[in-house]
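Student: Take this structure, written in structure tokens, and hold onto it; I'll ask about it next.
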Amino acid sequence: MDKMQEIVALQKKFFQTNATKEVNFRIAQLKKLESLLRENEDFLHEAIYKDFKKSAFENYTTEISLLYHDIKEAVKKISKWSKKKRVRTNLVNLPAKSYIIPEPLGVSLIIGAWNYPYQLSIAPAIAAIAAGNTVILKPSELPINTSKAMAKLINENFDPNFFRVVEGGVPETTALLNQDFDKIFFTGSVSVGKIVYQAAAKNLIPVTLELGGKSPAIITENCDLKITVKRLIWGKFLNAGQTCIAPDYVVVHKSVKNKFLELAKKEIEESKFLVEEDNYVQIINDANVARLIALIDADKVYTGGKYNTDTRIIEPTILTDVTFEDNVMKDEIFGPILPVIEYEDLDAIIAKIKEMPKPLSCYVFTKDKEYKQKVLNQISFGGGAVNDTVMHISNSNMGFGGVGDSGIGAYHGEYGFKAFSHYKGILDKPTWIEPNLKYYPHTKSKLKWIKRLIG
Ligand code: NAD
């Protein structure tokens with residue numbers, strides 16, 4: 001048995017003890033995780049700061065606080081979520097009770113992405129634990145210090161047969177993907193998502209895929225331009241644009257384009273991204289710096305465009321007069337570059353967006369109800385916001401996930417619990433009565449009665 005096989009086998013054995021089926025066990029593990037995170041906030045911040053200079057402010061607001069929220073919600077609601085639910089019994093089965101029992105899937109593999117390394121690794125683990133699964137967590141290897149920090153905290157404090165971090169890159173992930181899990185939860189790129197999906201198919205493993213894509217922001221002529229710009233610039237340049245639900249590009253109505261650009265430039269200046277200390281994160285590595293620099297067409301720079309390859313900093317950059325044929329419009333940008341495309345006709349721009357793969361998010365800025373409805377009804381996307389960006393992820397009542405190329409499944413709140421559960425339908429029959437109609441011999445008179453009853 002190789003190392004990965006053994007790790008999975010030990011978790012399977014632990015799962016079979018039924019320890020994780022106890023709600024109290026799950027609650028105790030989640031509370032322990034919360035205490036560990038709280039006691040180690042500084043340690044976690046030091047690690048992420050080393051990786052890409054994420055500030056204490058952003059580490060708390062965009063990573064750790066979301067984990068506290070998910071843990072608190074799960075602890076409060078696990079009992080309710082995991083209760084068997086009575087449903088109506090259909091006529092042919094009467095008399096009987098019918099109910100649905102949520103049960104954990106078993107041993108889960110969670111593969112994290114690098115851009116919000118704590119949140120994207122630990123939030124799915126919280127959902128998995130809440131639903132009664134064991135967890136093997138493989139964080140992204142790119143932010144190496146956060147990966148090590150999670151491995152240290154979790155592996156030194158949890159029973160590895162229940163919750164364990166396995167560090168590594170492609171070879172280790174590939175070795176894990178060769179194992180027979182009961183659930184795989186993956187966050188990352190579309191291309192690796194396809195590799196994961198294919199590996200899962202071999203053993204018919206259910207998957208959740210949280211992927212990415214080019215999320216548009218549509219700015220109509222009748223929006224509140226000032227507040228639009230404020231919310232858009234924040235959502236775009238948060239984490240230096242390395243956010244899966246960042247507005248990837250803007251389509252703006254021709255009549256307000258110039259005003260939009262002016263206000264956007266002013267908002268970037270007032271945000272003092274590179275003026276104040278620890279107010280802007282680095283690009284994760286040199287390869288991504290090189291990829292992003294190549295997308296900056298000097299002729300189209302409206303503001304920004306400068307970079308420093310030593311510090312891995314790229315200025316918040318707006319490109320103007322961009323067309324759908326430009327290089328920057330080919331793939332998800334995932335960095336601090338905002339292409340601006342002008343449009344005249346909302347129907348035509350919606351049709352254009354619909355030709356592209358279904359995005360993870362879509363944002364529409366408008367005061368016009370008809371425009372809003374058009375965008376919401378006609379474009380398929382994971383989730384999004386009207387007159388805002390990014391913040392929809394913080395409402396766990398809505399669940400979060402993609403559709404089509406941007407993903408399969410959803411999580412946070414009860415959606416996360418469901419992602420790691422199977423819902424077992426049970427028909428519970430008493431024995432004091434047994435109608436004879438379905439039994440052999442199948443006579444004409446029985447069929448007549450069945451037709452009368454069923455209709
Ligand atoms: P990635 O796909 O390169 O890596 C994700 C994980 O897969 C990492 O843990 C990595 O080690 C592993 N991996 C990479 N190549 C592999 C291979 N060939 N075989 C097996 N495993 C492999 O993604 P990333 O660069 O970490 O993240 C960026 C992407 O993730 C963007 O597309 C972004 O939109 C998306 N994303 C989506 C969400 C979401 O919630 N939907 C959140 C964050 C990021």
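Chain identifiers are assigned as A, B, and so on, following the order in which chains appear in the structure tokens; residues are numbered from 1 within each chain, and ligands are numbered from 1 in order of appearance.
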From a DSSP calculation on the backbone, collect every residue of segment 294-447 of chain A in alpha helix (DSSP H) and output the set as an MDAnalysis selection string.
Tutor: chainID A and resid 346:355 369:378 413:419 444:447
Student: Given a cut-off of 8 Å, what residues near ligand 1 show up using only C-alpha atoms and all ligand atoms, put as a count of residues only?
Tutor: 47
Student: Do you know which residues are at most 9 Å from Leu447 of chain A counting only C-alpha atoms, after dropping those on the same chain fewer than 4 positions away, and could you put them as a PyMOL selection string?
Tutor: chain A and resi 437-438+442-443+451-452
Student: I'd like the contact shell of Ala385 of chain A - 7 Å cut-off, only C-alpha atoms, skipping same-chain residues fewer than 3 positions apart - returned as a PyMOL selection string.
Tutor: chain A and resi 362-364+388-389+392
Student: Between atom CA of Thr208 of chain A and atom CA of Ala240 of chain A, what distance in Å does the model show, to one decimal?
Tutor: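 Spanning atom CA of Thr208 of chain A to atom CA of Ala240 of chain A is a straight-line distance of 26.4 Å.
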Student: Choose the residue, out of A:Lys367, A:His412, A:Lys194, A:Arg291, that has the smallest atom-to-atom separation from Thr228 of chain A; count only C-alpha atoms.
Tutor: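 Answer, going by the shortest atom-to-atom distance: A:Lys367.
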Student: To one decimal place in Å, what is the distance between atom CA of Ser147 of chain A and atom CA of Arg26 of chain A?
Tutor: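 Separation between atom CA of Ser147 of chain A and atom CA of Arg26 of chain A: 23.8 Å.
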Student: Give the answer as one residue: which of A:Ala131, A:Val23, A:Leu44, A:Leu94 has the shortest atom-to-atom distance to Pro143 of chain A, using only C-alpha atoms?
Tutor: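 Checking each candidate against Pro143 of chain A, we get A:Leu44 as the closest.
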Student: Atom CA of His422 of chain A and atom CA of Asp180 of chain A are how many Å apart?
Tutor: 17.0 Å
Student: List the spatial neighbours of Val250 of chain A as a ChimeraX atom specification - criterion: any atom at most 12 Å away, only C-alpha atoms, same-chain residues fewer than 5 positions off excluded.
Tutor: /A:214-220,228-229,232-233,236,257,260-261,264,318-324,329,337-343,349,353,362-365,389
Student: For Glu370 of chain A, which residue among A:Tyr197, A:Ala175, A:Tyr415, A:Asn222 is the nearest when counting only C-alpha atoms?
Tutor: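 Of A:Tyr197, A:Ala175, A:Tyr415, A:Asn222, the one nearest Glu370 of chain A, counting only C-alpha atoms, is A:Asn222.
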Student: Just the strand (DSSP E or B) stuff from segment 239-397 of chain A, please, per backbone DSSP, written as a PyMOL selection string.
Tutor: chain A and resi 249-253+301-303+307-308+313-314+317-319+337-343+361-365+383-386
Student: Considering only C-alpha atoms, return as a PDB file with N, CA, C and O atoms, in the first residue's frame whatever protein or nucleic-acid residues lie within 7 Å of Gly235 of chain A, sequence-local ones (same chain, fewer than 3 positions apart) excluded.
Tutor:
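Written out: part19.pdb:
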```pdb
ATOM      1  N   ARG A 231     -17.944  50.769  -5.834  1.00  0.00           N
ATOM      2  CA  ARG A 231     -18.111  49.333  -5.565  1.00  0.00           C
ATOM      3  C   ARG A 231     -17.344  48.471  -6.584  1.00  0.00           C
ATOM      4  O   ARG A 231     -16.862  47.397  -6.253  1.00  0.00           O
ATOM      5  N   LEU A 232     -17.276  48.959  -7.797  1.00  0.00           N
ATOM      6  CA  LEU A 232     -16.594  48.197  -8.846  1.00  0.00           C
ATOM      7  C   LEU A 232     -15.076  48.201  -8.650  1.00  0.00           C
ATOM      8  O   LEU A 232     -14.424  47.154  -8.751  1.00  0.00           O
ATOM      9  N   LEU A 238      -9.437  44.438  -5.127  1.00  0.00           N
ATOM     10  CA  LEU A 238      -9.272  43.653  -3.909  1.00  0.00           C
ATOM     11  C   LEU A 238      -8.367  42.468  -4.242  1.00  0.00           C
ATOM     12  O   LEU A 238      -8.540  41.827  -5.290  1.00  0.00           O
ATOM     13  N   ALA A 246     -14.115  38.535  -8.968  1.00  0.00           N
ATOM     14  CA  ALA A 246     -13.844  39.935  -9.325  1.00  0.00           C
ATOM     15  C   ALA A 246     -14.496  40.224 -10.672  1.00  0.00           C
ATOM     16  O   ALA A 246     -14.550  39.335 -11.534  1.00  0.00           O
ATOM     17  N   PRO A 247     -15.006  41.450 -10.874  1.00  0.00           N
ATOM     18  CA  PRO A 247     -15.440  41.782 -12.232  1.00  0.00           C
ATOM     19  C   PRO A 247     -14.225  41.685 -13.150  1.00  0.00           C
ATOM     20  O   PRO A 247     -13.231  42.376 -12.928  1.00  0.00           O
ATOM     21  N   THR A 389     -20.539  44.460  -6.259  1.00  0.00           N
ATOM     22  CA  THR A 389     -19.665  43.371  -6.720  1.00  0.00           C
ATOM     23  C   THR A 389     -19.240  42.544  -5.513  1.00  0.00           C
ATOM     24  O   THR A 389     -19.175  43.061  -4.389  1.00  0.00           O
ATOM     25  N   VAL A 390     -18.938  41.297  -5.742  1.00  0.00           N
ATOM     26  CA  VAL A 390     -18.250  40.386  -4.804  1.00  0.00           C
ATOM     27  C   VAL A 390     -19.033  40.034  -3.526  1.00  0.00           C
ATOM     28  O   VAL A 390     -18.993  38.900  -3.051  1.00  0.00           O
TER      29      VAL A 390
END
```
Student: Within 12 Å of Phe163 of chain A, counting only C-alpha atoms, which residues show up once you throw out same-chain ones fewer than 6 positions away? Write them as a compact mmCIF listing (two decimals) with N, CA, C and O atoms, in the first residue's frame, please.
Tutor:
```txt
# COMPACT_ATOMS: atom_id res chain seq x y z
N ILE A 7 -3.26 6.60 3.80
CA ILE A 7 -3.94 7.75 4.43
C ILE A 7 -5.45 7.62 4.23
O ILE A 7 -6.24 7.82 5.15
N VAL A 8 -5.84 7.28 3.02
CA VAL A 8 -7.28 7.18 2.71
C VAL A 8 -7.87 5.96 3.43
O VAL A 8 -8.97 6.05 4.02
N LEU A 10 -6.97 4.62 6.21
CA LEU A 10 -7.12 4.90 7.64
C LEU A 10 -8.35 5.78 7.90
O LEU A 10 -9.07 5.58 8.87
N GLN A 11 -8.58 6.73 7.00
CA GLN A 11 -9.78 7.57 7.17
C GLN A 11 -11.05 6.75 6.94
O GLN A 11 -12.04 6.92 7.63
N LYS A 12 -10.99 5.84 5.99
CA LYS A 12 -12.18 4.99 5.73
C LYS A 12 -12.50 4.17 6.98
O LYS A 12 -13.66 4.03 7.36
N PHE A 14 -11.72 4.90 10.03
CA PHE A 14 -12.26 5.78 11.08
C PHE A 14 -13.72 6.12 10.79
O PHE A 14 -14.56 6.10 11.68
N PHE A 15 -14.01 6.38 9.53
CA PHE A 15 -15.40 6.72 9.18
C PHE A 15 -16.34 5.57 9.55
O PHE A 15 -17.46 5.79 10.03
N THR A 20 -18.17 10.04 13.41
CA THR A 20 -18.54 11.33 12.78
C THR A 20 -20.05 11.47 12.60
O THR A 20 -20.53 12.53 12.23
N ARG A 26 -19.16 16.35 15.75
CA ARG A 26 -18.92 17.36 14.71
C ARG A 26 -18.81 18.75 15.33
O ARG A 26 -17.93 19.54 14.97
N GLN A 29 -15.53 19.23 17.08
CA GLN A 29 -14.41 19.42 16.14
C GLN A 29 -14.42 20.83 15.54
O GLN A 29 -13.38 21.46 15.37
N LEU A 30 -15.60 21.32 15.24
CA LEU A 30 -15.69 22.67 14.65
C LEU A 30 -15.30 23.73 15.67
O LEU A 30 -14.63 24.71 15.33
N LEU A 33 -11.66 23.79 15.92
CA LEU A 33 -11.08 24.49 14.77
C LEU A 33 -11.18 26.00 14.95
O LEU A 33 -10.23 26.74 14.70
N VAL A 107 -15.37 9.72 3.19
CA VAL A 107 -14.04 10.33 3.19
C VAL A 107 -13.98 11.35 2.06
O VAL A 107 -14.19 11.00 0.89
N SER A 108 -13.70 12.60 2.41
CA SER A 108 -13.71 13.64 1.37
C SER A 108 -12.31 14.16 1.10
O SER A 108 -11.47 14.24 2.00
N LEU A 109 -12.10 14.50 -0.15
CA LEU A 109 -10.86 15.16 -0.57
C LEU A 109 -11.19 16.59 -0.95
O LEU A 109 -12.09 16.83 -1.78
N ILE A 110 -10.49 17.55 -0.34
CA ILE A 110 -10.71 18.97 -0.66
C ILE A 110 -9.42 19.52 -1.25
O ILE A 110 -8.35 19.41 -0.63
N ILE A 122 -10.30 25.93 4.00
CA ILE A 122 -10.93 25.56 5.27
C ILE A 122 -12.46 25.65 5.21
O ILE A 122 -13.15 24.86 5.85
N ALA A 125 -13.83 22.47 4.21
CA ALA A 125 -13.59 21.49 5.28
C ALA A 125 -14.63 21.65 6.39
O ALA A 125 -15.10 20.65 6.96
N ILE A 126 -15.01 22.89 6.67
CA ILE A 126 -16.04 23.13 7.69
C ILE A 126 -17.35 22.46 7.26
O ILE A 126 -18.02 21.78 8.03
N ALA A 128 -17.69 19.96 5.21
CA ALA A 128 -17.52 18.50 5.22
C ALA A 128 -17.64 17.96 6.64
O ALA A 128 -18.32 16.94 6.87
N ILE A 129 -17.02 18.64 7.59
CA ILE A 129 -17.08 18.19 8.99
C ILE A 129 -18.50 18.32 9.52
O ILE A 129 -19.03 17.41 10.18
N GLY A 132 -20.49 15.51 8.65
CA GLY A 132 -20.08 14.22 9.22
C GLY A 132 -19.08 13.44 8.39
O GLY A 132 -18.98 12.22 8.52
N ASN A 133 -18.32 14.12 7.56
CA ASN A 133 -17.31 13.44 6.74
C ASN A 133 -15.94 13.51 7.41
O ASN A 133 -15.71 14.36 8.28
N THR A 134 -15.03 12.67 6.98
CA THR A 134 -13.62 12.89 7.31
C THR A 134 -13.02 13.69 6.16
O THR A 134 -13.59 13.74 5.07
N VAL A 135 -11.88 14.34 6.43
CA VAL A 135 -11.34 15.29 5.45
C VAL A 135 -9.86 15.09 5.20
O VAL A 135 -9.06 15.05 6.15
N ILE A 136 -9.52 15.00 3.93
CA ILE A 136 -8.12 15.14 3.52
C ILE A 136 -8.06 16.44 2.72
O ILE A 136 -8.75 16.59 1.71
N LEU A 137 -7.31 17.37 3.26
CA LEU A 137 -7.24 18.71 2.64
C LEU A 137 -5.90 18.89 1.95
O LEU A 137 -4.85 18.71 2.56
N LYS A 138 -5.96 19.25 0.67
CA LYS A 138 -4.73 19.52 -0.10
C LYS A 138 -4.77 21.00 -0.49
O LYS A 138 -5.39 21.37 -1.47
N MET A 150 -1.32 25.81 7.56
CA MET A 150 -2.51 24.97 7.72
C MET A 150 -2.12 23.55 8.10
O MET A 150 -2.76 22.92 8.95
N ALA A 151 -1.05 23.05 7.48
CA ALA A 151 -0.60 21.68 7.79
C ALA A 151 -0.21 21.59 9.26
O ALA A 151 -0.57 20.64 9.96
N LEU A 153 -1.12 23.59 11.89
CA LEU A 153 -2.25 23.73 12.82
C LEU A 153 -3.13 22.49 12.82
O LEU A 153 -3.52 22.00 13.88
N ILE A 154 -3.44 22.01 11.65
CA ILE A 154 -4.41 20.91 11.57
C ILE A 154 -3.76 19.57 11.94
O ILE A 154 -4.29 18.82 12.75
N ASN A 155 -2.58 19.33 11.38
CA ASN A 155 -1.98 18.00 11.63
C ASN A 155 -1.48 17.84 13.07
O ASN A 155 -1.38 16.72 13.57
N GLU A 156 -1.19 18.97 13.73
CA GLU A 156 -0.74 18.83 15.12
C GLU A 156 -1.90 18.79 16.10
O GLU A 156 -1.71 18.57 17.29
N ASN A 157 -3.10 19.08 15.63
CA ASN A 157 -4.20 19.21 16.58
C ASN A 157 -5.40 18.29 16.33
O ASN A 157 -6.26 18.16 17.19
```
Student: Pull the closest atom pair for each residue of segment 219-336 of chain A that gets at most 10 Å from segment 58-71 of chain A, along with the distance in Å to one decimal, counting only C-alpha atoms, ordering rows by chain and then ascending residue number, as CSV.
Tutor:
```
residue,atom,partner,partner_atom,distance
A:Leu238,CA,A:Glu58,CA,8.7
A:Asn239,CA,A:Glu58,CA,8.1
A:Asp278,CA,A:Glu58,CA,9.6
A:Asn279,CA,A:Glu58,CA,8.9
A:Tyr280,CA,A:Glu58,CA,9.5
A:Val281,CA,A:Glu58,CA,9.4
```
Student: Once you have the residues from the selection above, write them out as an mmCIF file, in the first residue's frame, restricted to N, CA, C and O atoms.
Tutor:
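again_11.cif, written as the output of this step:
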```cif
data_model
loop_
_atom_site.group_PDB
_atom_site.id
_atom_site.type_symbol
_atom_site.label_atom_id
_atom_site.label_comp_id
_atom_site.auth_asym_id
_atom_site.auth_seq_id
_atom_site.Cartn_x
_atom_site.Cartn_y
_atom_site.Cartn_z
ATOM 1 N N LEU A 238 -9.437 44.438 -5.127
ATOM 2 C CA LEU A 238 -9.272 43.653 -3.909
ATOM 3 C C LEU A 238 -8.367 42.468 -4.242
ATOM 4 O O LEU A 238 -8.540 41.827 -5.290
ATOM 5 N N ASN A 239 -7.375 42.208 -3.378
ATOM 6 C CA ASN A 239 -6.469 41.076 -3.620
ATOM 7 C C ASN A 239 -5.757 41.213 -4.980
ATOM 8 O O ASN A 239 -5.413 40.219 -5.612
ATOM 9 N N ASP A 278 0.993 48.339 3.062
ATOM 10 C CA ASP A 278 0.160 47.131 3.180
ATOM 11 C C ASP A 278 -1.283 47.356 2.752
ATOM 12 O O ASP A 278 -2.232 46.945 3.413
ATOM 13 N N ASN A 279 -1.422 48.040 1.647
ATOM 14 C CA ASN A 279 -2.760 48.389 1.151
ATOM 15 C C ASN A 279 -3.048 47.702 -0.185
ATOM 16 O O ASN A 279 -4.052 47.988 -0.827
ATOM 17 N N TYR A 280 -2.131 46.819 -0.597
ATOM 18 C CA TYR A 280 -2.248 46.215 -1.926
ATOM 19 C C TYR A 280 -1.406 44.954 -1.920
ATOM 20 O O TYR A 280 -0.273 44.975 -1.450
ATOM 21 N N VAL A 281 -1.951 43.846 -2.424
ATOM 22 C CA VAL A 281 -1.175 42.602 -2.337
ATOM 23 C C VAL A 281 -0.297 42.406 -3.576
ATOM 24 O O VAL A 281 -0.507 43.040 -4.613
#
```
Student: Of the candidates A:Ser445, A:Asn40, A:Thr89, A:Ser396, which one gets nearest to Ala127 of chain A if we count only C-alpha atoms?
Tutor: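 Using only C-alpha atoms, the shortest distance to Ala127 of chain A belongs to A:Ser396.
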